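So this block is input_26.txt, compact mmCIF, C-alpha atoms:
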# COMPACT_ATOMS: atom_id res chain seq x y z
CA MET M 133 -33.01 39.01 8.71
CA THR M 134 -32.01 42.63 9.35
CA ILE M 135 -28.44 43.90 9.24
CA LEU M 136 -28.52 44.44 12.99
CA GLU M 137 -29.64 40.87 13.66
CA ASN M 138 -26.93 39.56 11.36
CA LEU M 139 -24.25 41.63 13.04
CA LYS M 140 -25.48 40.59 16.49
CA LYS M 141 -24.98 36.98 15.45
CA VAL M 142 -21.42 37.73 14.29
CA PHE M 143 -20.40 39.64 17.39
CA GLU M 144 -22.21 37.46 19.92
CA GLY M 145 -21.05 38.30 23.40
CA LYS M 146 -19.76 41.73 22.36
CA PHE M 147 -23.26 43.07 21.95
CA ARG M 148 -24.46 42.94 25.56
CA ASP M 149 -24.74 46.66 26.26
CA VAL M 150 -25.71 47.37 22.67
CA LEU M 151 -28.82 45.22 22.98
CA SER M 152 -30.52 47.98 24.96
CA HIS M 153 -30.41 50.25 21.91
CA ASN M 154 -33.40 49.55 19.73
CA ASN M 155 -33.10 52.59 17.53
CA ILE M 156 -29.96 51.69 15.57
CA THR M 157 -30.40 52.61 11.91
CA ILE M 158 -26.86 53.45 10.77
CA PHE M 159 -24.00 50.97 10.46
CA ASN M 160 -20.49 52.27 10.01
CA PHE M 161 -17.07 50.64 9.98
CA SER M 162 -14.53 52.87 11.69
CA ARG M 163 -12.00 52.77 14.51
CA ASN M 164 -13.38 52.64 18.05
CA THR M 165 -11.63 53.72 21.20
CA SER M 166 -12.15 50.53 23.21
CA GLU M 167 -14.76 48.02 22.01
CA THR M 168 -15.20 46.16 18.72
CA VAL M 169 -18.80 47.38 18.51
CA GLU M 170 -20.00 50.65 20.02
CA VAL M 171 -23.15 52.72 19.70
CA LYS M 172 -22.47 56.37 18.90
CA GLU M 173 -24.71 59.40 18.40
CA GLY M 174 -27.70 57.38 19.67
CA ASN M 175 -28.47 55.41 16.51
CA LYS M 176 -25.15 54.55 14.87
CA LEU M 177 -23.54 51.17 15.37
CA VAL M 178 -19.80 51.56 14.81
CA ILE M 179 -17.77 48.43 14.15
CA ASP M 180 -13.99 48.35 14.44
CA LEU M 181 -12.71 45.54 12.24
CA SER M 182 -9.14 45.97 13.47
CA LYS M 183 -10.38 44.63 16.82
CA ALA M 184 -12.37 41.77 15.28
CA THR M 185 -11.19 38.17 15.14
CA GLU M 186 -10.44 36.49 11.81
CA GLU M 187 -13.66 34.46 12.14
CA GLU M 188 -15.69 37.63 12.78
CA LYS M 189 -14.12 39.32 9.76
CA LYS M 190 -15.04 36.35 7.58
CA LEU M 191 -18.67 36.53 8.73
CA VAL M 192 -18.79 40.29 8.17
CA ARG M 193 -17.48 39.78 4.65
CA ASN M 194 -20.31 37.26 4.07
CA ILE M 195 -22.88 39.80 5.22
CA LEU M 196 -21.40 42.47 2.94
CA ASP M 197 -21.25 40.09 -0.04
CA SER M 198 -24.87 39.18 0.50
CA ARG M 199 -25.93 42.87 0.65
CA VAL M 200 -23.85 43.88 -2.39
CA GLN M 201 -24.30 40.89 -4.68
CA SER M 202 -27.75 39.50 -3.73
CA GLU M 203 -29.49 42.66 -2.54
CA ASN M 204 -27.77 44.83 -5.17
CA GLU M 205 -26.60 47.40 -2.64
CA ALA M 206 -23.66 49.76 -3.07
CA PHE M 207 -21.32 49.58 -0.08
CA LEU M 208 -19.67 52.98 0.10
CA MET M 209 -17.51 55.19 2.21
CA ASP M 210 -19.85 57.40 4.27
CA HIS M 211 -18.78 60.53 2.39
CA SER M 212 -19.32 58.87 -1.01
CA SER M 213 -22.72 57.65 0.12
CA GLU M 214 -23.78 61.19 1.08
CA LYS M 215 -22.34 62.56 -2.17
CA THR M 216 -24.22 59.95 -4.23
CA LEU M 217 -27.49 60.85 -2.49
CA LYS M 218 -26.88 64.53 -3.16
CA ILE M 219 -26.19 63.79 -6.84
CA LYS M 220 -29.33 61.66 -7.10
CA GLN M 221 -31.45 64.48 -5.67
CA ASN M 222 -30.03 66.86 -8.25
CA LEU M 223 -30.03 64.69 -11.37
CA PRO M 224 -31.43 66.51 -14.41
CA TYR M 225 -35.23 66.46 -14.48
CA GLY M 226 -37.94 68.36 -16.33
CA GLU M 227 -36.43 71.32 -18.18
CA SER M 228 -32.83 70.41 -17.38
CA GLU M 229 -33.43 66.84 -18.58
CA GLU M 230 -34.80 68.24 -21.85
CA LEU M 231 -31.77 70.49 -22.12
CA LEU M 232 -29.43 67.54 -21.73
CA LYS M 233 -31.37 65.54 -24.33
CA PHE M 234 -31.01 68.41 -26.79
CA TYR M 235 -27.22 68.24 -26.58
CA LYS M 236 -26.97 64.42 -26.52
CA ASP M 237 -26.05 64.02 -30.19
CA LYS M 238 -24.60 67.51 -30.64
CA LEU M 239 -21.64 67.72 -28.27
CA LYS M 240 -18.49 65.64 -28.05
CA PRO M 241 -18.92 62.87 -25.43
CA GLU M 242 -16.54 64.43 -22.90
CA MET M 243 -18.23 67.81 -23.18
CA TYR M 244 -21.64 66.13 -22.85
CA LYS M 245 -20.49 64.40 -19.65
CA ALA M 246 -19.22 67.70 -18.26
CA LEU M 247 -22.54 69.31 -19.20
CA GLU M 248 -24.50 66.64 -17.33
CA ALA M 249 -22.35 67.10 -14.23
CA SER M 250 -22.60 70.89 -14.51
CA ILE M 251 -26.41 70.72 -14.64
CA ILE M 252 -26.29 68.69 -11.41
CA VAL M 253 -24.05 71.38 -9.90
CA LYS M 254 -26.50 74.07 -11.03
CA ASN M 255 -29.46 72.18 -9.52
CA ALA M 256 -27.54 71.74 -6.24
CA PHE M 257 -26.57 75.42 -6.25
CA GLU M 258 -30.21 76.42 -6.65
CA ARG M 259 -31.04 74.30 -3.60
CA GLU M 260 -28.32 76.21 -1.74
CA GLU M 261 -26.19 73.09 -1.29
CA ASP M 262 -22.39 73.06 -1.16
CA ILE M 263 -21.12 72.57 -4.72
CA SER M 264 -17.38 73.09 -4.21
CA GLU M 265 -16.37 69.41 -4.36
CA MET M 266 -18.44 68.65 -7.47
CA LYS M 267 -17.05 71.76 -9.22
CA ARG M 268 -13.53 70.69 -8.30
CA ASP M 269 -14.17 67.21 -9.73
CA ILE M 270 -15.35 68.70 -13.04
CA SER M 271 -12.30 71.00 -13.25
CA GLU M 272 -9.92 68.14 -12.45
CA LYS M 273 -11.45 65.75 -14.96
CA TYR M 274 -11.56 68.34 -17.75
CA PRO M 275 -8.88 70.91 -16.89
CA THR M 276 -9.06 72.76 -20.21
CA PHE M 277 -12.80 73.46 -20.18
CA GLY M 278 -14.53 71.96 -17.10
CA ASN M 279 -14.62 75.03 -14.90
CA ASN M 280 -15.63 77.35 -17.74
CA LEU M 281 -18.39 75.02 -18.91
CA CYS M 282 -19.73 74.80 -15.37
CA ASN M 283 -19.84 78.60 -15.14
CA LEU M 284 -21.56 78.88 -18.52
CA VAL M 285 -24.23 76.36 -17.45
CA THR M 286 -24.84 78.27 -14.21
CA ARG M 287 -25.21 81.48 -16.22
CA GLY M 288 -27.70 79.83 -18.59
CA TYR M 289 -25.64 79.95 -21.79
CA PHE M 290 -26.56 76.35 -22.65
CA ASN M 291 -30.26 77.17 -22.34
CA GLU M 292 -30.08 79.90 -24.95
CA HIS M 293 -26.80 80.86 -26.56
CA PHE M 294 -25.50 77.47 -27.67
CA ARG M 295 -28.99 76.39 -28.79
CA GLU M 296 -29.29 79.54 -30.89
CA LEU M 297 -25.80 78.96 -32.25
CA HIS M 298 -26.86 75.46 -33.34
CA GLN M 299 -30.03 76.81 -34.94
CA SER M 300 -28.12 79.55 -36.79
CA MET M 301 -25.48 77.12 -38.05
CA LEU M 302 -28.17 74.63 -39.05
CA GLU M 303 -29.61 77.27 -41.37
CA ASP M 304 -26.33 77.42 -43.27
CA GLU M 305 -26.32 75.26 -46.37
CA GLU M 306 -23.22 73.29 -45.49
CA PHE M 307 -23.97 72.50 -41.87
CA ASP M 308 -21.40 70.23 -40.25
CA ILE M 309 -21.86 69.05 -36.65
CA ASN M 310 -18.07 68.89 -36.23
CA VAL M 311 -17.83 72.59 -36.94
CA TYR M 312 -20.52 73.26 -34.31
CA GLN M 313 -18.64 71.12 -31.78
CA ARG M 314 -15.40 72.95 -32.47
CA LYS M 315 -17.14 76.30 -32.17
CA VAL M 316 -18.70 75.41 -28.79
CA GLU M 317 -15.36 74.09 -27.58
CA LYS M 318 -13.56 77.26 -28.65
CA ILE M 319 -16.06 79.50 -26.87
CA VAL M 320 -16.05 77.41 -23.70
CA LYS M 321 -12.27 77.18 -23.51
CA SER M 322 -11.82 80.89 -24.10
CA LEU M 323 -14.47 82.04 -21.61
CA PRO M 324 -12.07 84.13 -19.47
CA TYR M 325 -11.25 86.22 -22.53
CA THR M 326 -14.62 86.20 -24.27
CA VAL M 327 -17.32 88.83 -24.32
CA PHE M 328 -20.78 87.73 -25.44
CA ILE M 329 -22.41 90.44 -27.48
CA THR M 330 -26.04 90.41 -26.47
CA ARG M 331 -29.05 92.61 -27.03
CA TYR M 332 -29.70 92.59 -23.30
CA LYS M 333 -26.82 95.03 -22.81
CA SER M 334 -26.61 98.55 -24.23
CA TYR M 335 -23.89 99.50 -26.70
CA ASP M 336 -22.15 101.61 -24.05
CA GLU M 337 -22.22 98.75 -21.55
CA LEU M 338 -20.69 96.34 -24.06
CA SER M 339 -18.10 98.83 -25.28
CA GLY M 340 -17.11 99.59 -21.66
CA GLU M 341 -16.91 95.90 -20.76
CA ILE M 342 -14.63 95.22 -23.74
CA ARG M 343 -12.35 98.16 -22.95
CA PHE M 344 -12.15 97.03 -19.30
CA LYS M 345 -11.35 93.42 -20.26
CA LEU M 346 -8.78 94.55 -22.83
CA ASP M 347 -6.92 96.65 -20.25
CA ARG M 348 -6.90 93.77 -17.77
CA LEU M 349 -5.82 91.19 -20.36
CA LYS M 350 -3.04 93.49 -21.61
CA LYS M 351 -1.77 93.75 -18.04
CA TYR M 352 -1.81 89.99 -17.51
CA GLY M 353 -0.48 89.17 -20.96
CA THR M 354 -3.20 86.87 -22.31
CA GLY M 355 -2.84 88.49 -25.71
CA LYS M 356 -6.33 88.08 -27.10
CA LEU M 357 -9.98 88.86 -26.56
CA LEU M 358 -12.90 87.14 -28.32
CA LEU M 359 -16.16 88.88 -29.15
CA HIS M 360 -18.93 86.44 -29.87
CA GLY M 361 -22.32 87.45 -31.26
CA LEU M 362 -25.41 85.66 -32.59
CA GLY M 363 -28.13 87.15 -34.76
CA ARG M 364 -27.93 90.03 -37.25
CA GLU M 365 -28.36 92.73 -34.60
CA ASN M 366 -25.51 91.40 -32.49
CA VAL M 367 -23.31 90.87 -35.54
CA ASN M 368 -23.85 94.54 -36.45
CA THR M 369 -23.12 95.65 -32.88
CA THR M 370 -19.91 93.61 -32.89
CA MET M 371 -18.82 95.16 -36.18
CA THR M 372 -19.46 98.66 -34.79
CA ILE M 373 -17.47 97.91 -31.64
CA ILE M 374 -14.59 96.57 -33.74
CA GLU M 375 -14.50 99.91 -35.60
CA GLU M 376 -13.34 101.48 -32.33
CA TYR M 377 -10.11 99.48 -32.59
CA LYS M 378 -9.46 99.60 -36.34
CA GLU M 379 -6.94 102.45 -35.96
CA ASP M 380 -5.14 100.87 -33.00
CA GLU M 381 -1.82 99.66 -34.37
CA HIS M 382 -1.27 97.39 -31.34
CA ILE M 383 -4.40 95.37 -32.06
CA ASN M 384 -4.79 92.93 -34.90
CA ILE M 385 -8.39 91.90 -35.60
CA GLN M 386 -9.52 88.61 -37.15
CA ILE M 387 -13.18 88.21 -38.04
CA GLU M 388 -15.04 84.94 -38.61
CA ILE M 389 -18.53 85.49 -39.94
CA ASN M 390 -20.96 83.05 -41.59
CA PRO M 391 -22.41 83.71 -45.07
CA LYS M 392 -25.83 84.71 -43.67
CA LYS M 393 -24.16 87.16 -41.27
CA THR M 394 -25.87 85.73 -38.22
CA ILE M 395 -22.81 84.39 -36.37
CA ILE M 396 -19.66 86.35 -35.62
CA THR M 397 -16.49 85.64 -33.69
CA ALA M 398 -14.01 88.49 -33.73
CA THR M 399 -10.58 87.92 -32.18
CA LEU M 400 -8.65 90.94 -31.02
CA ASN M 401 -4.95 89.99 -30.82
CA PHE M 402 -2.70 92.46 -28.99
CA MET F 175 -29.68 49.29 -6.96
CA LYS F 176 -29.81 50.79 -3.46
CA LEU F 177 -27.31 52.50 -1.19
CA SER F 178 -26.44 50.17 1.66
CA GLN F 179 -27.24 51.18 5.22
CA ILE F 180 -23.73 50.00 5.99
CA THR F 181 -20.93 52.45 5.24
CA PHE F 182 -17.30 52.83 6.25
CA SER F 183 -15.36 55.84 7.40
CA LYS F 184 -12.02 57.03 6.08
CA LEU F 185 -10.41 55.65 9.24
CA ALA F 186 -11.48 52.12 8.29
CA VAL F 187 -10.42 52.15 4.63
CA ARG F 188 -7.48 49.81 5.17
CA ASP F 189 -9.59 47.43 7.29
CA ILE F 190 -12.17 47.16 4.52
CA LEU F 191 -9.51 46.66 1.86
CA GLU F 192 -7.99 43.89 3.93
CA LEU F 193 -11.42 42.30 4.27
CA TYR F 194 -11.53 42.11 0.46
CA GLY F 195 -7.97 40.79 0.15
CA LYS F 196 -6.55 44.08 -1.06
CA SER F 197 -3.70 46.31 0.06
CA LEU F 198 -1.83 49.38 -1.19
CA ASP F 199 1.35 49.57 -3.25
CA ASN F 200 4.11 52.09 -2.61
CA GLU F 201 2.23 54.74 -4.61
CA ASP F 202 -0.96 54.13 -2.59
CA PHE F 203 -2.88 52.46 -5.41
CA ILE F 204 -5.18 49.57 -4.47
CA VAL F 205 -3.62 46.20 -5.35
CA GLU F 206 -4.31 42.50 -4.82
CA LYS F 207 -2.80 41.55 -1.47
CA ASP F 208 -1.49 38.24 -2.80
CA ASN F 209 -0.22 39.86 -6.01
CA PRO F 210 0.93 43.42 -5.22
CA SER F 211 1.99 44.11 -8.79
CA GLN F 212 -1.65 43.82 -9.91
CA ARG F 213 -3.52 47.05 -9.43
CA VAL F 214 -7.29 46.78 -8.95
CA LEU F 215 -9.33 48.37 -11.75
CA THR F 216 -12.75 50.04 -11.81
CA PRO F 217 -15.36 48.59 -14.23
CA ASN F 218 -14.11 51.34 -16.61
CA GLY F 219 -10.58 50.01 -16.42
CA GLU F 220 -9.11 52.77 -14.26
CA GLU F 221 -6.57 52.19 -11.50
CA ILE F 222 -7.71 53.47 -8.11
CA HIS F 223 -5.63 55.62 -5.80
CA ILE F 224 -6.69 55.21 -2.19
CA GLU F 225 -7.80 58.87 -2.04
CA GLU F 226 -10.13 58.23 -4.99
CA TRP F 227 -11.81 55.10 -3.69
CA GLY F 228 -15.56 55.36 -3.09
CA GLY F 229 -16.62 51.79 -2.34
CA ILE F 230 -17.96 48.61 -3.90
CA ARG F 231 -21.02 47.83 -5.95
CA LYS F 232 -22.47 44.72 -7.53
CA GLY F 233 -20.13 43.00 -9.96
CA SER F 234 -17.42 40.38 -9.70
CA GLU F 235 -15.17 42.89 -7.91
CA ALA F 236 -16.68 46.25 -8.73
CA PHE F 237 -14.54 48.82 -6.95
CA ILE F 238 -15.67 52.33 -7.76
CA LYS F 239 -14.15 55.79 -7.49
CA ASN F 240 -15.54 58.66 -5.42
CA ASP F 241 -15.45 61.40 -8.08
CA THR F 242 -18.63 63.10 -9.26
CA PHE F 243 -18.63 61.31 -12.63
CA SER F 244 -18.38 57.81 -11.14
CA LEU F 245 -21.07 58.62 -8.58
CA ILE F 246 -23.38 60.10 -11.25
CA GLU F 247 -23.33 56.69 -12.98
CA LEU F 248 -24.16 55.06 -9.66
CA ALA F 249 -26.87 57.60 -8.76
CA LYS F 250 -28.61 57.01 -12.12
CA LYS F 251 -28.92 53.30 -11.24
CA LEU F 252 -30.43 53.88 -7.79
CA GLU F 253 -34.09 53.00 -7.25
So, in terms of structure tokens, how does the structure I just supplied come out?
Amino acid sequence: MTILENLKKVFEGKFRDVLSHNNITIFNFSRNTSETVEVKEGNKLVIDLSKATEEEKKLVRNILDSRVQSENEAFLMDHSSEKTLKIKQNLPYGESEELLKFYKDKLKPEMYKALEASIIVKNAFEREEDISEMKRDISEKYPTFGNNLCNLVTRGYFNEHFRELHQSMLEDEEFDINVYQRKVEKIVKSLPYTVFITRYKSYDELSGEIRFKLDRLKKYGTGKLLLHGLGRENVNTTMTIIEEYKEDEHINIQIEINPKKTIITATLNF
Amino acid sequence: MKLSQITFSKLAVRDILELYGKSLDNEDFIVEKDNPSQRVLTPNGEEIHIEEWGGIRKGSEAFIKNDTFSLIELAKKLE
């Protein structure tokens, strides 16, 4: 028996004018202006439980229990239902599913969960859907890194940079997954004051970007800027850029570099 | 699992809670109507503020939240 037929049985007598509508496909509990059951927007049957009798409420509960428990349906608020559908349409697939698999045993569980959600946000963004609520949820759940991680996923850093970082660290003799996790976490958390040294930008572009960020960070009092580079070429570029600040007595520079000189994180404290 | 064709609007949240024998405490968390000191928990053991409530899915009393992470778990189970 369909939902409509079931509901008609519950609200017998209140369905008279509704019977003429044969195109009802949506059922929503809300508050109606006058009747217990009303048809709105042509195909939506709206039921106001505050106007229903106790017996009618009991029968409605039976219908819902049957749908949820026997038919394995999720009974949701309309907004949550739409949000779930949107998420389902944007779940990782193909390349993004592979990407997620790659990080499954490499990231801390909470960062992995944020990555999965951020991939869904990226997929939704590419379909030109509204992503503001999902981004807000990620930031609220993980306030120290959620928003940054989401931005890094959108900008493709998990497709390349963090994979390359893993590969480079794996080549070190004493590879430790905990060190990789800490490194990723540090980079993600410090995104607003990090510059990625990449071969896709010229030396002048990078040097200018760093000078610009330094001036801004000095003004707003953050006190540090991280330069992060992968690969020998980028390590060398980073070292050359650092030379520009060696004589600056207001800047203290700390350099972390791996034995093979393929990974560098330089922190400029000022 | 499927999404039901039946949904409820924000206006009807209290009606639906009442239907399931629930109410709200003075901090607007969902509680058992006949035992207001007992807050309802999600299958993950989290208390549910009324603003966070998403709906119900299969389970003895499986109340779920409406945040992206809870709904991702639900979306992955959908046919």
With a cut-off of 12 Å, could you pull out the residues of chain F touching chain M and give me the nearest pair of atoms for each, distance in Å to one decimal, using only C-alpha atoms, ordered by chain and ascending number, as a tab-separated table?
residue	atom	partner	partner_atom	distance
F:Met175	CA	M:Asn204	CA	5.2
F:Lys176	CA	M:Glu205	CA	4.7
F:Leu177	CA	M:Ala206	CA	4.9
F:Ser178	CA	M:Glu205	CA	5.1
F:Gln179	CA	M:Ile158	CA	6.0
F:Ile180	CA	M:Phe159	CA	4.6
F:Thr181	CA	M:Asn160	CA	4.8
F:Phe182	CA	M:Phe161	CA	4.3
F:Ser183	CA	M:Ser162	CA	5.3
F:Lys184	CA	M:Met209	CA	7.0
F:Leu185	CA	M:Ser162	CA	5.5
F:Ala186	CA	M:Ser162	CA	4.6
F:Val187	CA	M:Met209	CA	8.1
F:Arg188	CA	M:Ser182	CA	9.3
F:Asp189	CA	M:Leu181	CA	6.1
F:Ile190	CA	M:Leu181	CA	7.9
F:Leu191	CA	M:Arg193	CA	10.9
F:Glu192	CA	M:Lys189	CA	9.6
F:Leu193	CA	M:Arg193	CA	6.6
F:Tyr194	CA	M:Arg193	CA	7.6
F:Gly195	CA	M:Arg193	CA	10.6
F:Ile224	CA	M:Met209	CA	11.7
F:Glu225	CA	M:Met209	CA	11.2
F:Glu226	CA	M:Ser212	CA	10.0
F:Trp227	CA	M:Met209	CA	8.2
F:Gly228	CA	M:Ser212	CA	5.5
F:Gly229	CA	M:Leu208	CA	4.1
F:Ile230	CA	M:Phe207	CA	5.2
F:Arg231	CA	M:Ala206	CA	4.4
F:Lys232	CA	M:Gln201	CA	5.1
F:Gly233	CA	M:Gln201	CA	7.1
F:Ser234	CA	M:Gln201	CA	8.5
F:Glu235	CA	M:Gln201	CA	9.9
F:Ala236	CA	M:Ala206	CA	9.6
F:Phe237	CA	M:Leu208	CA	9.7
F:Ile238	CA	M:Leu208	CA	8.8
F:Lys239	CA	M:Ser212	CA	8.8
F:Asn240	CA	M:Ser212	CA	5.8
F:Asp241	CA	M:Asp269	CA	6.2
F:Thr242	CA	M:Met266	CA	5.8
F:Phe243	CA	M:Ala249	CA	7.1
F:Ser244	CA	M:Thr216	CA	9.3
F:Leu245	CA	M:Thr216	CA	5.5
F:Ile246	CA	M:Ile219	CA	6.4
F:Glu247	CA	M:Thr216	CA	9.4
F:Leu248	CA	M:Thr216	CA	7.3
F:Ala249	CA	M:Lys220	CA	5.0
F:Lys250	CA	M:Lys220	CA	6.9
F:Lys251	CA	M:Lys220	CA	9.3
F:Leu252	CA	M:Lys220	CA	7.9
F:Glu253	CA	M:Lys220	CA	9.9
Exercise: segment 367-370 of chain M partners within 9 Å, all atoms listed in the file, chain neighbours under 6 positions left out, as number ranges by chain = M: 329-331, 335, 359-361, 389, 393-398
For the selection you just gave me, I'd like the residues written to a file as a PDB file, in the frame of the given file, keeping C-alpha atoms.
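Result file is again.pdb:
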ATOM      1  CA  ILE M 329     -22.410  90.440 -27.480  1.00  0.00           C
ATOM      2  CA  THR M 330     -26.040  90.410 -26.470  1.00  0.00           C
ATOM      3  CA  ARG M 331     -29.050  92.610 -27.030  1.00  0.00           C
ATOM      4  CA  TYR M 335     -23.890  99.500 -26.700  1.00  0.00           C
ATOM      5  CA  LEU M 359     -16.160  88.880 -29.150  1.00  0.00           C
ATOM      6  CA  HIS M 360     -18.930  86.440 -29.870  1.00  0.00           C
ATOM      7  CA  GLY M 361     -22.320  87.450 -31.260  1.00  0.00           C
ATOM      8  CA  ILE M 389     -18.530  85.490 -39.940  1.00  0.00           C
ATOM      9  CA  LYS M 393     -24.160  87.160 -41.270  1.00  0.00           C
ATOM     10  CA  THR M 394     -25.870  85.730 -38.220  1.00  0.00           C
ATOM     11  CA  ILE M 395     -22.810  84.390 -36.370  1.00  0.00           C
ATOM     12  CA  ILE M 396     -19.660  86.350 -35.620  1.00  0.00           C
ATOM     13  CA  THR M 397     -16.490  85.640 -33.690  1.00  0.00           C
ATOM     14  CA  ALA M 398     -14.010  88.490 -33.730  1.00  0.00           C
TER      15      ALA M 398
END
Nearby residues, (-20.8, 80.5, -33.1) file frame, 12 Å, all atoms listed in the file, as a ChimeraX atom specification = /M:293-302,304,311-320,328-329,358-363,366-367,387-390,393-398
note - atom CA of Asn280 of chain M and atom CA of Lys321 of chain M are separated by 6.7 Å
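We find atom CA of Gly340 of chain M and atom CA of Leu281 of chain M to be spaced 24.8 Å apart.
In this model, the gap between atom CA of Gly355 of chain M and atom CA of Asn401 of chain M comes to 5.7 Å.
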Write out as a list in words the residues lying within 12 Å of Gln212 of chain F, counting only C-alpha atoms and excluding same-chain residues fewer than 6 positions away.
-> Lys196, Ser197, Leu198, Asp199, Phe203, Ile204, Val205, Glu206, Glu221 and Ile222 of chain F
Given the selection you just returned, output its residues as a file containing C-alpha atoms, formatted as a PDB file, in the coordinates of the input.
ATOM      1  CA  LYS F 196      -6.550  44.080  -1.060  1.00  0.00           C
ATOM      2  CA  SER F 197      -3.700  46.310   0.060  1.00  0.00           C
ATOM      3  CA  LEU F 198      -1.830  49.380  -1.190  1.00  0.00           C
ATOM      4  CA  ASP F 199       1.350  49.570  -3.250  1.00  0.00           C
ATOM      5  CA  PHE F 203      -2.880  52.460  -5.410  1.00  0.00           C
ATOM      6  CA  ILE F 204      -5.180  49.570  -4.470  1.00  0.00           C
ATOM      7  CA  VAL F 205      -3.620  46.200  -5.350  1.00  0.00           C
ATOM      8  CA  GLU F 206      -4.310  42.500  -4.820  1.00  0.00           C
ATOM      9  CA  GLU F 221      -6.570  52.190 -11.500  1.00  0.00           C
ATOM     10  CA  ILE F 222      -7.710  53.470  -8.110  1.00  0.00           C
TER      11      ILE F 222
END
